[in-house]
Amino acid sequence: LVGDQRVDKTVDSVCPYCGVGCLIQYQVKDNTIVAVQGRDGPANAGRLCVKGRFGFDYVHHRQRLTKPLIRKPGVPKDGSIDARPGDWQAVFREASWDEALDLAAGGLKALRDAHGPQTLAGFGSAKGSNEEAYLFQKLVRTGFGSNNVDHCTRLCHASSVTALLEGVGSGAVSNPVNDVQHAGLILVIGSNPTANHPVAATWMKNAAARGTKIVLADPRRTELSRHAWRTLQFQPDTDVALLNALIHTVIDEGLTDPAFLRDRASNFAALKEGVAACSPEAMAAVCGVPAATLREVARAFATSKASMILWGMGVSQHVHGTDNARCLIALSAITGQIGKPGSGLHPLRGQNNVQGASDAGLIPMMFPNYQRVDNPQVHAWFEDFWGQPLSAQPGLTVVETLHKAAAPDNDPAKVRGMLVMGENPAMSDPDLNHARAGLASLQHLVVQDLFMTETAWLADVVLPASGWPEKAGTVTNTDRMLQMGRRALDAPGEAKQDLWILQQLAQRLGLAWHYPGPDSGVAAVYEEMRQALHGVIAGVPWARLDAAGSITYPCLSEADPGQPIVFTERFPTADGRVKLVPAAVTAGAEPPDADYPFALITGRQLEHWHTGSMTRRAEVLDALEPVPTASLHGSDLAALGLQPGELLTVESRRGRIQLQARRDDGTPPGTVFIPFAYAEAAANRLTHPALDPAAKIPGFKFCAVRLAPAAPG
Ligand code: SF4
């Protein structure tokens, strides 16, 4: 405690990991975080999971980059090998900031001038602040001259956002997680909240203890099942069949909300026709859930006093992810279970700021606040606002960008230069061997990050950036809540704040950017962003948020306390109604077959975060889960002749990895679950690059693999 002089100071901030947005307090001694405590935040009420409480020491890791680095001449970029973080001296040399920035910006500028703006692209990050996301997309649009800017939302909830914008006119949640306390029933689908949103899971468990029925729908039976009223362990990739059966039952048994359909919804006739053949009896054969259970759940959902749907990437990461989310919207709307406490739609956001980064415009077809780049009025407004000519051509998404990076040299649309801020596509993209080849073939790659990530390993210039505790900024959690993070530490060595780096690059690309004030002008950037997000956070000036710490948007005036529950009167669509969109039952890109008989599901685990660049360097977390594992049903382990802990190989048509077998009887026979955080057994070497046609999200939750015991030695 400060009073006891055991720490120098305490600093209030927000957990840097998942989208729950738990408020924390850093305890700092000698510019080192020595402990983290939970604060009484709206999303966490003092609670923290193991990542929030023990995952802070990555910022002090010996592998932090502390000087700018430039690739040595003649050292090839080998996309086929993994980074060796401690071994970078063979590939890079240290440089001054001026030299590195001149080279970084000069290379991008030369490619832009020689080959055109469409040959440059940028990946921002959902781990950065809103201000960093805003400035990054502005740099790409005004400095590079293209809309080729995206981030990991493309890989997590792009399909949810696409369906929500189409259906309800807003890409955000309708009500906060802890509104489950007002629900009679909650449907949790395609989500393992105990592992991925642990504090959110505690609200669900609290609600269940008070009588709320939890319906857990997922191919894997996960820990929340212990608290569930019903667990629907459906066949992988059959989400639409399952959900259409529920919708069919509601309509067939007269359980719709007629007043809601009459006054607040459109396109019901098309939905009814679309699910006409999807009786529970017909769909049971597809999804594997008994028809009687499907009918029982549909009745309970429709007749509960309030029903809420929460979903994760088990829904969104499919080539039919948009259809999956359309079904959830339809189920909620036809039963009138939206727009009131305890009922509505909540896509559980993955990263701490994926909501805010999307709001701020890290999306290739949207300016800030989801305004389309090809809308003439919007386009003209932003040209005037930023004082620069802008492209009206929607840009490339994440996977499309790396496809274009791998294109032949004579392709005029080949992506030749990239700036990557805090993302690690060399671990997170599908079909990694292809993605890494694309990154390796770039003529000029600039990476700003904390560590020598697998992506930085392929860079021409690496710029040492700041960790979350080393800067100030705002983030927006899964509940649409803006929250303030404050600087607790000075960055190590010559590492710089990302806002400073972006302004330096912009100046070298011919933009007269200078945002004055502490922490690289973060408050000034926020105030500019607030104008671009005028319909959303107009009532939240920096000073108000700084004082309050957390405010939920929409917040339209300084007297507005914020609106945790939306759609109470109308939807923000052109006609004010929710649009019901039918979805057909379709198969994934690569179902299991005789050669590759297992279905692969990739995802996260409690202790590790995404590509592992932070949590693999957090001592407690890596000690808890130190090696890559493949979770299998006991019957599959036995059939393979494997004991838990023994090594196996997992192979798809695109790659092969070796890792430890783990018994998990919640993983159904014929299925294997692999976390994607481990560079030494990168799960995305196996995944399929096919995309959802509407949202361009890959199907990380379904492809075909085969398993075998690893060869001795
Ligand atoms: Fe951090 Fe999420 Fe855990 Fe909360 S639940 S402490 S935000 S990782």
# chains A, B, ... in the order shown; residues from 1 in each chain; ligands from 1
call {"tool": "closest_atom_pairs", "arguments": {"of": "chain A", "to": "ligand 1", "cutoff": "6 Å", "atoms": "only C-alpha atoms and all ligand atoms", "output": "tab-separated table"}}
result
residue	atom	partner	partner_atom_place_in_ligand_line	distance
A:Cys15	CA	ligand 1	1 (Fe)	4.6
A:Tyr17	CA	ligand 1	8 (S)	4.5
A:Cys18	CA	ligand 1	2 (Fe)	3.9
A:Gly19	CA	ligand 1	7 (S)	5.9
A:Val20	CA	ligand 1	7 (S)	4.5
A:Gly21	CA	ligand 1	7 (S)	4.2
A:Cys22	CA	ligand 1	4 (Fe)	4.3
A:Leu48	CA	ligand 1	6 (S)	4.0
A:Cys49	CA	ligand 1	3 (Fe)	4.0
A:Lys51	CA	ligand 1	8 (S)	5.1
A:Gly52	CA	ligand 1	6 (S)	3.6
A:His197	CA	ligand 1	5 (S)	4.9
A:Pro198	CA	ligand 1	5 (S)	4.5
A:Val199	CA	ligand 1	5 (S)	4.2
call {"tool": "residues_around", "arguments": {"residues": "A:Glu454", "least_positions_apart": "2", "cutoff": "8 Å", "atoms": "only C-alpha atoms", "output": "number ranges by chain"}}
result
A: 82-83, 424, 426-427, 452, 456-458, 679
call {"tool": "write_last_selection", "arguments": {"atoms": "N, CA and C atoms", "output": "mmCIF file, in the first residue's frame"}}
result
data_model
loop_
_atom_site.group_PDB
_atom_site.id
_atom_site.type_symbol
_atom_site.label_atom_id
_atom_site.label_comp_id
_atom_site.auth_asym_id
_atom_site.auth_seq_id
_atom_site.Cartn_x
_atom_site.Cartn_y
_atom_site.Cartn_z
ATOM 1 N N ASP A 82 9.500 -20.087 -37.691
ATOM 2 C CA ASP A 82 8.948 -19.277 -36.621
ATOM 3 C C ASP A 82 10.006 -18.297 -36.118
ATOM 4 N N ALA A 83 9.505 -17.241 -35.503
ATOM 5 C CA ALA A 83 10.417 -16.257 -34.938
ATOM 6 C C ALA A 83 11.251 -16.891 -33.833
ATOM 7 N N ASN A 424 -0.624 -9.567 -35.116
ATOM 8 C CA ASN A 424 0.331 -10.632 -35.401
ATOM 9 C C ASN A 424 -0.256 -11.590 -36.434
ATOM 10 N N ALA A 426 0.977 -13.201 -38.714
ATOM 11 C CA ALA A 426 1.761 -14.406 -38.984
ATOM 12 C C ALA A 426 1.434 -15.523 -37.997
ATOM 13 N N MET A 427 0.556 -15.256 -37.053
ATOM 14 C CA MET A 427 0.016 -16.289 -36.172
ATOM 15 C C MET A 427 -1.502 -16.379 -36.243
ATOM 16 N N MET A 452 9.491 -9.150 -30.605
ATOM 17 C CA MET A 452 9.806 -9.681 -31.927
ATOM 18 C C MET A 452 8.796 -10.795 -32.229
ATOM 19 N N ALA A 456 6.779 -9.488 -36.852
ATOM 20 C CA ALA A 456 7.943 -8.598 -36.835
ATOM 21 C C ALA A 456 9.167 -9.284 -37.430
ATOM 22 N N TRP A 457 9.239 -10.568 -37.247
ATOM 23 C CA TRP A 457 10.365 -11.347 -37.780
ATOM 24 C C TRP A 457 10.503 -11.178 -39.298
ATOM 25 N N LEU A 458 9.399 -10.843 -39.958
ATOM 26 C CA LEU A 458 9.397 -10.700 -41.416
ATOM 27 C C LEU A 458 9.479 -9.237 -41.852
ATOM 28 N N ALA A 679 3.262 -20.543 -30.782
ATOM 29 C CA ALA A 679 4.028 -20.424 -32.025
ATOM 30 C C ALA A 679 4.680 -21.748 -32.407
#
call {"tool": "residues_around", "arguments": {"residues": "A:Ser279", "least_positions_apart": "2", "cutoff": "7 Å", "atoms": "only C-alpha atoms", "output": "list in words"}}
result
Ala245, His248, Thr249, Ala277, Glu281, Ala282 and Met283 of chain A
call {"tool": "closest_residue", "arguments": {"among": "A:Thr687, A:Asn130, A:Thr629, A:Thr231", "to": "A:Ala599", "atoms": "only C-alpha atoms"}}
result
A:Thr687
call {"tool": "residues_around", "arguments": {"residues": "A:Val275", "least_positions_apart": "2", "cutoff": "10 Å", "atoms": "only C-alpha atoms", "output": "list of chain:residue names"}}
result
A:Ala241, A:Leu243, A:Asn244, A:Ala245, A:Leu246, A:Ile247, A:His248, A:Thr249, A:Ile251, A:Asp252, A:Ala270, A:Leu271, A:Lys272, A:Glu273, A:Ala277, A:Cys278, A:Ser279, A:Pro582, A:Ala583, A:Ala584, A:Val585
call {"tool": "residues_around", "arguments": {"residues": "A:Gln355", "least_positions_apart": "6", "cutoff": "7 Å", "atoms": "only C-alpha atoms", "output": "PDB file with N, CA and C atoms, in the first residue's frame"}}
result
ATOM      1  N   ARG A 349     -17.564  -9.617 -27.156  1.00  0.00           N
ATOM      2  CA  ARG A 349     -16.376  -9.172 -27.884  1.00  0.00           C
ATOM      3  C   ARG A 349     -15.136  -9.817 -27.294  1.00  0.00           C
ATOM      4  N   THR A 476     -13.186   0.621 -25.318  1.00  0.00           N
ATOM      5  CA  THR A 476     -14.630   0.419 -25.256  1.00  0.00           C
ATOM      6  C   THR A 476     -14.896  -1.069 -25.102  1.00  0.00           C
ATOM      7  N   ASN A 477     -15.582  -1.436 -24.039  1.00  0.00           N
ATOM      8  CA  ASN A 477     -15.738  -2.866 -23.768  1.00  0.00           C
ATOM      9  C   ASN A 477     -16.929  -3.449 -24.518  1.00  0.00           C
ATOM     10  N   THR A 478     -17.178  -4.708 -24.277  1.00  0.00           N
ATOM     11  CA  THR A 478     -18.249  -5.410 -24.988  1.00  0.00           C
ATOM     12  C   THR A 478     -19.625  -4.811 -24.697  1.00  0.00           C
TER      13      THR A 478
END
call {"tool": "closest_residue", "arguments": {"among": "A:Ser129, A:Asn375, A:Gln448, A:Ser160", "to": "A:Gly473", "atoms": "only C-alpha atoms"}}
result
A:Ser129
call {"tool": "closest_atom_pairs", "arguments": {"of": "stretch 336-381 of chain A", "to": "stretch 483-488 of chain A", "cutoff": "12 Å", "atoms": "only C-alpha atoms", "output": "Markdown table"}}
result
| residue | atom | partner | partner_atom | distance |
| --- | --- | --- | --- | --- |
| A:Asn352 | CA | A:Gln483 | CA | 10.6 |
| A:Asn353 | CA | A:Gln483 | CA | 10.0 |
| A:Gln355 | CA | A:Gln483 | CA | 11.9 |
| A:Gly356 | CA | A:Gln483 | CA | 10.2 |
call {"tool": "closest_residue", "arguments": {"among": "A:Ala681, A:Gly116, A:Ala630, A:Trp500", "to": "A:Arg662", "atoms": "only C-alpha atoms"}}
result
A:Ala630
call {"tool": "residues_around", "arguments": {"residues": "A:Val315", "least_positions_apart": "2", "cutoff": "7 Å", "atoms": "only C-alpha atoms", "output": "ChimeraX atom specification"}}
result
/A:189-190,311-313,317-318,321,324-325
call {"tool": "closest_residue", "arguments": {"among": "A:Gly549, A:Gly124, A:Pro42, A:Gly387", "to": "A:Val475", "atoms": "only C-alpha atoms"}}
result
A:Gly549
